[in-house]
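One structure is given here, and the rest of the page talks about it.
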Amino acid sequence: EGENGIQISSFNNDLTINGNGVAIDASKSFRIFKIADGITVIIKNLTFLNGKIATQDAAIYTEAAYLELDDYAFIGNDPAQGGALYIKAGNVYTISSLYENNTADYGGAIYVENGATLTVDGTTFKNNTADYGGAIYVNSTDKESVLIVNNANFIENNATISSGAILIDDGYKVTYSTANSLFESNSAIHSAHVDPANQWTVDAGAIYVGTNSNGTITNSKFIKNKAYDDYWSNAGAVKISMGATITIKDSTFEDNEAGYSGGAIDMQSWNNQDN
């Protein structure tokens, strides 16, 4: 099927794929699946290795009405956006799975596009890397996007500019929740000097919550996350942007570190916008 990999379209009707433990290795040469809109797809017990596409996004690109990914792994995928999974539209559930060593510019493991919904349950994100959103990047420009995270582990993910684990971008609206999850040793680290006059800072070792977003963090642990630049960095664990609303309860913050402000949490005030 060329660079776009295997095409799953409406002609396939609803589809269940059980890989029985098989690994698909794209050898850094092509995307693995491209899933069209309007269908339901369930993928189980597969490993996706080394997916890469030069001009588009992710080992799996989906516009499906419903996509469920259960007991699978994405390892070593390397496109521009959403290292493992690019969600263009629809509802995606990722269950009891592993995302490891994936890289991208935005969303080292997963990129959630404007208006899409992602639910993460019982899944581990480890050692994924991006400029923005080491593990997950959520975009919202004119439609509401939704991110729900339950019983997940985010470990040693890294961003070179903002948000080692999850980045919810500034924009229209994102509804977000995380519960019973661990964020440990994630980082946003940039070695070059950042100019605060250009409002470009290194933010959020673990989570960046963008403008107009609202949500909750419940019964979760943030341990040894770090935001660091040689001059200007904020929020060792969680950065809450101007206009965002978030409720944090029954959660633990321990040994998080920022180079400038907010070793655990940094809240950006409207009053500080021009300071």
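Ordering of the structure tokens sets the chain letters (A, B, ...); residue numbers start at 1 within each chain; ligands are numbered from 1 in the order shown.
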Worksheet entry | Exercise: Thr123 in chain A partners within 10 Å, only C-alpha atoms, chain neighbours under 5 positions left out, as a ChimeraX atom specification | /A:70-73,94-99,149-154,181
Practice prompt. Excluding Ile8 in chain A and residues on its chain fewer than 5 positions from it, collect all residues at most 7 Å away from it, counting only C-alpha atoms, and give them as a list in words.
Written response: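 Surrounding residues, per the criterion: Lys34, Ile35 and Ala36 of chain A.
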Practice prompt. Return as a PyMOL selection string the full set of residues in range 57-194 of chain A whose backbone-based DSSP assignment is strand (DSSP E or B).
Written response: chain A and resi 60-62+66-70+73-75+81+85-87+91-95+98-100+103+106+110-112+117-121+124-126+129-132+136-138+145-150+153-155+158-162+166-168+174-179+182-184+187-190
Selection file, C-alpha atoms, as a PDB file, in the first residue's frame:
```
ATOM      1  CA  ILE A  60      -1.713   4.592  12.908  1.00  0.00           C
ATOM      2  CA  TYR A  61      -3.744   7.478  11.484  1.00  0.00           C
ATOM      3  CA  THR A  62      -7.442   7.295  12.302  1.00  0.00           C
ATOM      4  CA  TYR A  66     -14.783   4.375  17.044  1.00  0.00           C
ATOM      5  CA  LEU A  67     -11.350   2.791  17.467  1.00  0.00           C
ATOM      6  CA  GLU A  68     -10.446   0.489  20.341  1.00  0.00           C
ATOM      7  CA  LEU A  69      -6.849  -0.589  20.912  1.00  0.00           C
ATOM      8  CA  ASP A  70      -6.548  -3.339  23.502  1.00  0.00           C
ATOM      9  CA  ALA A  73       2.336  -2.007  22.082  1.00  0.00           C
ATOM     10  CA  PHE A  74       3.763   0.854  20.016  1.00  0.00           C
ATOM     11  CA  ILE A  75       7.561   0.868  20.088  1.00  0.00           C
ATOM     12  CA  GLN A  81       3.024  14.307  14.772  1.00  0.00           C
ATOM     13  CA  LEU A  85      -1.212   7.321  16.978  1.00  0.00           C
ATOM     14  CA  TYR A  86      -2.718  10.357  15.214  1.00  0.00           C
ATOM     15  CA  ILE A  87      -6.399  10.812  16.055  1.00  0.00           C
ATOM     16  CA  ASN A  91     -13.564   8.287  19.701  1.00  0.00           C
ATOM     17  CA  VAL A  92     -10.448   6.276  20.547  1.00  0.00           C
ATOM     18  CA  TYR A  93      -9.961   3.937  23.521  1.00  0.00           C
ATOM     19  CA  THR A  94      -6.476   2.683  24.377  1.00  0.00           C
ATOM     20  CA  ILE A  95      -6.610  -0.090  26.987  1.00  0.00           C
ATOM     21  CA  LEU A  98       2.333   0.163  26.116  1.00  0.00           C
ATOM     22  CA  TYR A  99       3.785   3.169  24.265  1.00  0.00           C
ATOM     23  CA  GLU A 100       7.572   3.166  24.463  1.00  0.00           C
ATOM     24  CA  THR A 103       9.198  10.244  18.954  1.00  0.00           C
ATOM     25  CA  TYR A 106       4.112  17.065  18.664  1.00  0.00           C
ATOM     26  CA  ILE A 110      -0.293  10.288  20.594  1.00  0.00           C
ATOM     27  CA  TYR A 111      -1.621  13.401  18.836  1.00  0.00           C
ATOM     28  CA  VAL A 112      -5.299  14.247  19.424  1.00  0.00           C
ATOM     29  CA  THR A 117     -11.886  12.155  22.045  1.00  0.00           C
ATOM     30  CA  LEU A 118      -9.211   9.942  23.603  1.00  0.00           C
ATOM     31  CA  THR A 119      -9.743   7.636  26.590  1.00  0.00           C
ATOM     32  CA  VAL A 120      -6.652   6.039  28.143  1.00  0.00           C
ATOM     33  CA  ASP A 121      -7.114   3.181  30.618  1.00  0.00           C
ATOM     34  CA  THR A 124       1.903   2.846  30.225  1.00  0.00           C
ATOM     35  CA  PHE A 125       3.800   5.605  28.398  1.00  0.00           C
ATOM     36  CA  LYS A 126       7.558   5.247  28.819  1.00  0.00           C
ATOM     37  CA  THR A 129       9.956  12.185  23.255  1.00  0.00           C
ATOM     38  CA  ALA A 130       8.644  15.290  21.468  1.00  0.00           C
ATOM     39  CA  ASP A 131       9.225  19.024  21.319  1.00  0.00           C
ATOM     40  CA  TYR A 132       5.698  19.521  22.689  1.00  0.00           C
ATOM     41  CA  ILE A 136       0.323  13.067  24.471  1.00  0.00           C
ATOM     42  CA  TYR A 137      -0.526  16.308  22.654  1.00  0.00           C
ATOM     43  CA  VAL A 138      -4.150  17.543  22.539  1.00  0.00           C
ATOM     44  CA  SER A 145     -11.532  17.914  22.322  1.00  0.00           C
ATOM     45  CA  VAL A 146     -11.720  15.449  25.216  1.00  0.00           C
ATOM     46  CA  LEU A 147      -8.979  13.559  27.084  1.00  0.00           C
ATOM     47  CA  ILE A 148      -9.763  11.007  29.809  1.00  0.00           C
ATOM     48  CA  VAL A 149      -6.875   9.237  31.590  1.00  0.00           C
ATOM     49  CA  ASN A 150      -7.424   6.449  34.130  1.00  0.00           C
ATOM     50  CA  ASN A 153       1.671   5.342  34.107  1.00  0.00           C
ATOM     51  CA  PHE A 154       3.751   8.110  32.531  1.00  0.00           C
ATOM     52  CA  ILE A 155       7.422   7.340  33.151  1.00  0.00           C
ATOM     53  CA  ASN A 158      10.561  14.001  27.696  1.00  0.00           C
ATOM     54  CA  ALA A 159       9.777  17.245  25.873  1.00  0.00           C
ATOM     55  CA  THR A 160      12.465  19.577  24.610  1.00  0.00           C
ATOM     56  CA  ILE A 161      10.213  22.644  25.009  1.00  0.00           C
ATOM     57  CA  SER A 162       6.922  22.014  26.835  1.00  0.00           C
ATOM     58  CA  ILE A 166       0.712  15.591  28.476  1.00  0.00           C
ATOM     59  CA  LEU A 167       0.264  18.903  26.688  1.00  0.00           C
ATOM     60  CA  ILE A 168      -3.258  20.341  26.352  1.00  0.00           C
ATOM     61  CA  VAL A 174     -10.434  20.790  26.002  1.00  0.00           C
ATOM     62  CA  THR A 175     -12.206  18.809  28.710  1.00  0.00           C
ATOM     63  CA  TYR A 176      -9.647  16.797  30.629  1.00  0.00           C
ATOM     64  CA  SER A 177      -9.516  14.356  33.537  1.00  0.00           C
ATOM     65  CA  THR A 178      -6.914  12.065  35.035  1.00  0.00           C
ATOM     66  CA  ALA A 179      -7.410   9.650  37.926  1.00  0.00           C
ATOM     67  CA  LEU A 182       1.426   7.968  38.119  1.00  0.00           C
ATOM     68  CA  PHE A 183       3.658  10.645  36.595  1.00  0.00           C
ATOM     69  CA  GLU A 184       7.275   9.876  37.452  1.00  0.00           C
ATOM     70  CA  SER A 187      10.847  16.197  32.006  1.00  0.00           C
ATOM     71  CA  ALA A 188      10.747  19.314  29.875  1.00  0.00           C
ATOM     72  CA  ILE A 189      14.382  20.210  29.386  1.00  0.00           C
ATOM     73  CA  HIS A 190      16.020  22.548  26.888  1.00  0.00           C
TER      74      HIS A 190
END
```
Fill in: Shell of 8 Å around Thr141 in chain A, only C-alpha atoms, local chain residues under 6 positions omitted, as number ranges by chain
A: 114, 171-173
Write out the residues from the selection above, keeping C-alpha atoms, as an mmCIF file, in the first residue's frame.
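Result written to part-v7.cif:
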```cif
data_model
loop_
_atom_site.group_PDB
_atom_site.id
_atom_site.type_symbol
_atom_site.label_atom_id
_atom_site.label_comp_id
_atom_site.auth_asym_id
_atom_site.auth_seq_id
_atom_site.Cartn_x
_atom_site.Cartn_y
_atom_site.Cartn_z
ATOM 1 C CA ASN A 114 -9.354 19.226 17.033
ATOM 2 C CA GLY A 171 -7.143 27.047 22.077
ATOM 3 C CA TYR A 172 -10.891 26.620 21.898
ATOM 4 C CA LYS A 173 -11.707 24.097 24.642
#
```
Report the closest atom pair, with its distance in Å rounded to one decimal, for each residue of range 138-226 of chain A that has an atom no farther than 8 Å from range 246-252 of chain A; count only C-alpha atoms, sort by chain and then rising residue number, and write it as a Markdown table.
```
| residue | atom | partner | partner_atom | distance |
| --- | --- | --- | --- | --- |
| A:Ser213 | CA | A:Ile246 | CA | 7.9 |
| A:Asn214 | CA | A:Ile246 | CA | 5.4 |
| A:Gly215 | CA | A:Ile246 | CA | 4.8 |
| A:Thr216 | CA | A:Thr247 | CA | 4.7 |
| A:Ile217 | CA | A:Ile248 | CA | 4.7 |
| A:Thr218 | CA | A:Lys249 | CA | 5.1 |
| A:Asn219 | CA | A:Ser251 | CA | 4.6 |
| A:Ser220 | CA | A:Ser251 | CA | 4.7 |
| A:Lys221 | CA | A:Thr252 | CA | 4.7 |
| A:Phe222 | CA | A:Thr252 | CA | 6.0 |
| A:Ile223 | CA | A:Thr252 | CA | 7.9 |
```
Worksheet entry | Nearest-residue call for Val41 in chain A, choices A:Ala258, A:Ala165, A:Leu15, A:Ala65, using only C-alpha atoms | A:Leu15
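For the choices A:Gln268, A:Asn77, A:Asn186, A:Ser9, the atom-to-atom distance to Ala227 in chain A is smallest for A:Asn186 when using only C-alpha atoms.
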Discussion item. Given only C-alpha atoms as the basis, pick out the residue of A:Asn102, A:Ala64, A:Asn18, A:Ala237 nearest to Thr40 in chain A.
Written reply: A:Ala64
Worksheet item: Do you have the CA of Gly107 in chain A-CA of Asn234 in chain A distance handy?
Response: 19.8 Å
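Counting from CA of Gly90 in chain A, the distance to CA of Asn127 in chain A is 26.9 Å.
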